Amino acid sequence: MVEIHGDTITGEKVLRCLAEVLDPEVPVLSVVDLGIVRSIRVDDGSVTIAITPTYSGCPAIEPIKAAISDAVLGMGLSSPEILTQLSPAWTTDWIAEPAREKLRKYGIAPPLPRSAEVGIVPFSEISSHIPCPHCDSLKTEELSSFGATACKALCRCKDCREPFEYFKSF
Amino acid sequence: MTSNRVEHGGAAHTSSRKALDHFVLEIADDALVLGHRLSEWCGHGPTIEEDIALSNISLDHLGQAQCLYELLVENDANYGSADKLAFFRDSFEFRNCILVEQENGDFAQTIVRQVYFSAYYYFLYEQLSSCPISLLSDFAAKARKEVSYHLRHAGEWILRLGDGTTESKARAQAAIVQLWPFVEELLAPSEAASILIAESQVFEPSTVSSAYKQYLETLLSEATLEVPSSTAASPLNGRQLKHSEHLSQLLSVMQSTARAHPDALW
């Protein structure tokens with residue numbers, strides 16, 4: 001949920017605008033889908049947006065900040081102040097079902113709920129529960145716990161034999 | 001008594017503030033130095049997946065270091081900037097532990113270093129994430145999740161190396177013994193940590209230490225490897241600014257561009 005403060009009418013417009021700003025690394029999800037945008041405040045036309053980083057090392061954070069800024073400028077508003085908010089820590093549980101469906105269609109298995117997390121036991125022991133985004137089979141295996149980006153693991157389906165990425169629960 | 005408190009309030013505050021800064025620098029410098037070491041694997045990993053995994057873990061650590069340096073700068077402008085802390089301090093000003101400055105060695109040495117390091121931070125962050133100092137708890141809640149993936153990754157490799165071929169097992173066991181003397185420094189609270197523990201109970205060292213040892217014993221026995229029985233600890237101690245020569249060599253590479261072109265923007 002994104003909190004909106006101050007001028008809520010303009011705030012809602014900013015939110016709708018940010019819902020179109022896509023994550024450069026998973027370009028089917030917007031920064032709002034991902035839960036990166038935490039709050040929007042509009043006072044006398046000046047906009048403050050609090051965002052939370054995903055992984056500490058995510059190189060997409062700078063391009064994301066620039067894209068958010070450009071989007072707000074594109075609305076005819078002044079350049080927003082973008083604050084980084086560490087707490088509460090970002091979690092994949094904030095990715096809602098419609099966004100999970102977008103991921104599936106894109107060929108990425110959406111994250112399991114955090115409650116399915118099993119601490120630090122080897123990842124291979126839980127990957128069998130990740131449904132294949134292509135054929136829904138549960139007979140899948142993990143090939144590498146770090147895929148093209150830190151947020152994804154590389155998996156393979158033993159039924160349809162297709163490789164796929166899994167958006168790790170975090 | 002009341003007047004005493006007021007009188008010494010400032011001094012006590014300054015000393016605990018300094019301890020907090022030092023403790024944050026210990027964590028940040030650990031992350032920066034290990035992040036750089038892991039980045040040395042980029043382009044040299046045994047497989048493309050592993051190359052990418054180590055690079056991703058490296059990025060997590062560089063991001064953690066940057067976040068902590070920025071928090072320090074936010075609280076005290078005298079630190080200048082995150083870049084200044086990373087690139088313009090000398091080896092005798094770094095507070096990282098000796099373990100992270102050790103050279104990568106073979107793949108087994110890198111993986112054992114990852115297990116020793118990530119397991120410690122996993123259990124430390126678990127405690128820090130509910131500590132009363134919000135700067136530490138906010139950071140730890142986030143970093144713990146990252147480290148849990150680093151630890152799973154390293155743990156899986158230890159199982160494969162230990163339970164793999166005669167060669168992989170021998171190399172893994174040799175690495176376990178070689179890096180063991182640097183573990184004590186992680187488990188023994190530094191001077192800065194001790195002050196914070198006494199004042200604000202930021203974490204319980206014995207809980208971290210026993211969880212750590214228990215985890216290692218379980219993991220290594222499953223991997224058919226042995227926890228060393230030696231109690232010999234390295235005389236070096238990064239928390240006390242006594243480093244091995246590896247750190248200055250690492251810094252000379254890592255800092256060279258920033259120092260050759262100070263204030264350059266890219």
# chains A, B, ... in the order shown; residues from 1 in each chain; ligands from 1

$ select_by_dssp --residues "chain A" --states "strand (DSSP E or B)" --output "PyMOL selection string"
chain A and resi 3-6+22+30+37-43+46-51+81-84+108-109+140-144+152-157+163-167

$ closest_atom_pairs --of "chain A" --to "chain B" --cutoff "10 Å" --atoms "only C-alpha atoms" --output "Markdown table"
| residue | atom | partner | partner_atom | distance |
| --- | --- | --- | --- | --- |
| A:Pro53 | CA | B:Lys142 | CA | 9.4 |
| A:Thr54 | CA | B:Lys142 | CA | 8.8 |
| A:Tyr55 | CA | B:Asp60 | CA | 6.7 |
| A:Ser56 | CA | B:Gly63 | CA | 4.5 |
| A:Gly57 | CA | B:Asp60 | CA | 3.8 |
| A:Cys58 | CA | B:Leu59 | CA | 7.2 |
| A:Pro59 | CA | B:Leu59 | CA | 8.1 |
| A:Gln85 | CA | B:Asp138 | CA | 9.3 |
| A:Leu86 | CA | B:Asp138 | CA | 6.0 |
| A:Ser87 | CA | B:Asp138 | CA | 5.4 |
| A:Pro88 | CA | B:Asp138 | CA | 7.2 |
| A:Ala89 | CA | B:Lys142 | CA | 5.2 |
| A:Trp90 | CA | B:Lys142 | CA | 7.4 |
| A:Thr91 | CA | B:Lys142 | CA | 9.0 |
| A:Gly119 | CA | B:Ser148 | CA | 7.0 |
| A:Ile120 | CA | B:Arg152 | CA | 5.5 |
| A:Val121 | CA | B:Arg152 | CA | 6.4 |
| A:Pro122 | CA | B:Arg152 | CA | 5.2 |
| A:Phe123 | CA | B:Arg152 | CA | 6.2 |
| A:Ser124 | CA | B:Glu156 | CA | 8.2 |
| A:Leu143 | CA | B:Glu49 | CA | 8.4 |
| A:Ser144 | CA | B:Glu49 | CA | 6.3 |
| A:Ser145 | CA | B:His153 | CA | 6.6 |
| A:Phe146 | CA | B:Ala53 | CA | 4.9 |
| A:Gly147 | CA | B:Ala53 | CA | 7.1 |
| A:Ala148 | CA | B:Ile52 | CA | 7.0 |
| A:Thr149 | CA | B:Asn56 | CA | 6.9 |
| A:Ala150 | CA | B:Asn56 | CA | 5.4 |
| A:Cys151 | CA | B:Asn56 | CA | 9.2 |
| A:Ala153 | CA | B:Ala53 | CA | 9.5 |
| A:Leu154 | CA | B:Glu49 | CA | 8.7 |
| A:Lys168 | CA | B:Tyr149 | CA | 9.6 |
| A:Ser169 | CA | B:Lys145 | CA | 9.6 |
| A:Phe170 | CA | B:Lys145 | CA | 6.5 |

$ residues_around --residues "region 87-95 of chain B" --least-positions-apart "2" --cutoff "6 Å" --atoms "only C-alpha atoms" --output "PyMOL selection string"
chain B and resi 26+83-85+238-239+241+248+255

$ atom_distance --atom1 "CA of Arg114 (chain A)" --atom2 "CA of Asp93 (chain A)"
6.5 Å

$ select_by_dssp --residues "region 22-116 of chain B" --states "helix (DSSP H, G or I)" --output "PyMOL selection string"
chain B and resi 22-39+48-75+77-79+82-87+91-93+98-101+107-116

$ closest_residue --among "A:Ser137, A:Thr52, A:Ser39, A:Ser69" --to "Glu3 (chain A)" --atoms "only C-alpha atoms"
A:Ser39

$ closest_residue --among "B:Pro181, B:Glu167, B:Ala86, B:Asn78" --to "Arg113 (chain B)" --atoms "only C-alpha atoms"
B:Pro181

$ residues_around --residues "Ser244 (chain B)" --least-positions-apart "4" --cutoff "9 Å" --atoms "only C-alpha atoms" --output "MDAnalysis selection string"
chainID B and resid 98 101:102 236:238 248

$ atom_distance --atom1 "CA of Ser115 (chain A)" --atom2 "CA of Leu220 (chain B)"
27.2 Å

$ atom_distance --atom1 "CA of Pro80 (chain A)" --atom2 "CA of Leu22 (chain A)"
17.8 Å

$ closest_residue --among "A:Met1, A:Ile49, A:Val26, A:Glu97" --to "Tyr166 (chain A)" --atoms "only C-alpha atoms"
A:Val26

$ residues_around --residues "Ile40 (chain A)" --least-positions-apart "3" --cutoff "7 Å" --atoms "only C-alpha atoms" --output "ChimeraX atom specification"
/A:3-5,11,48-50
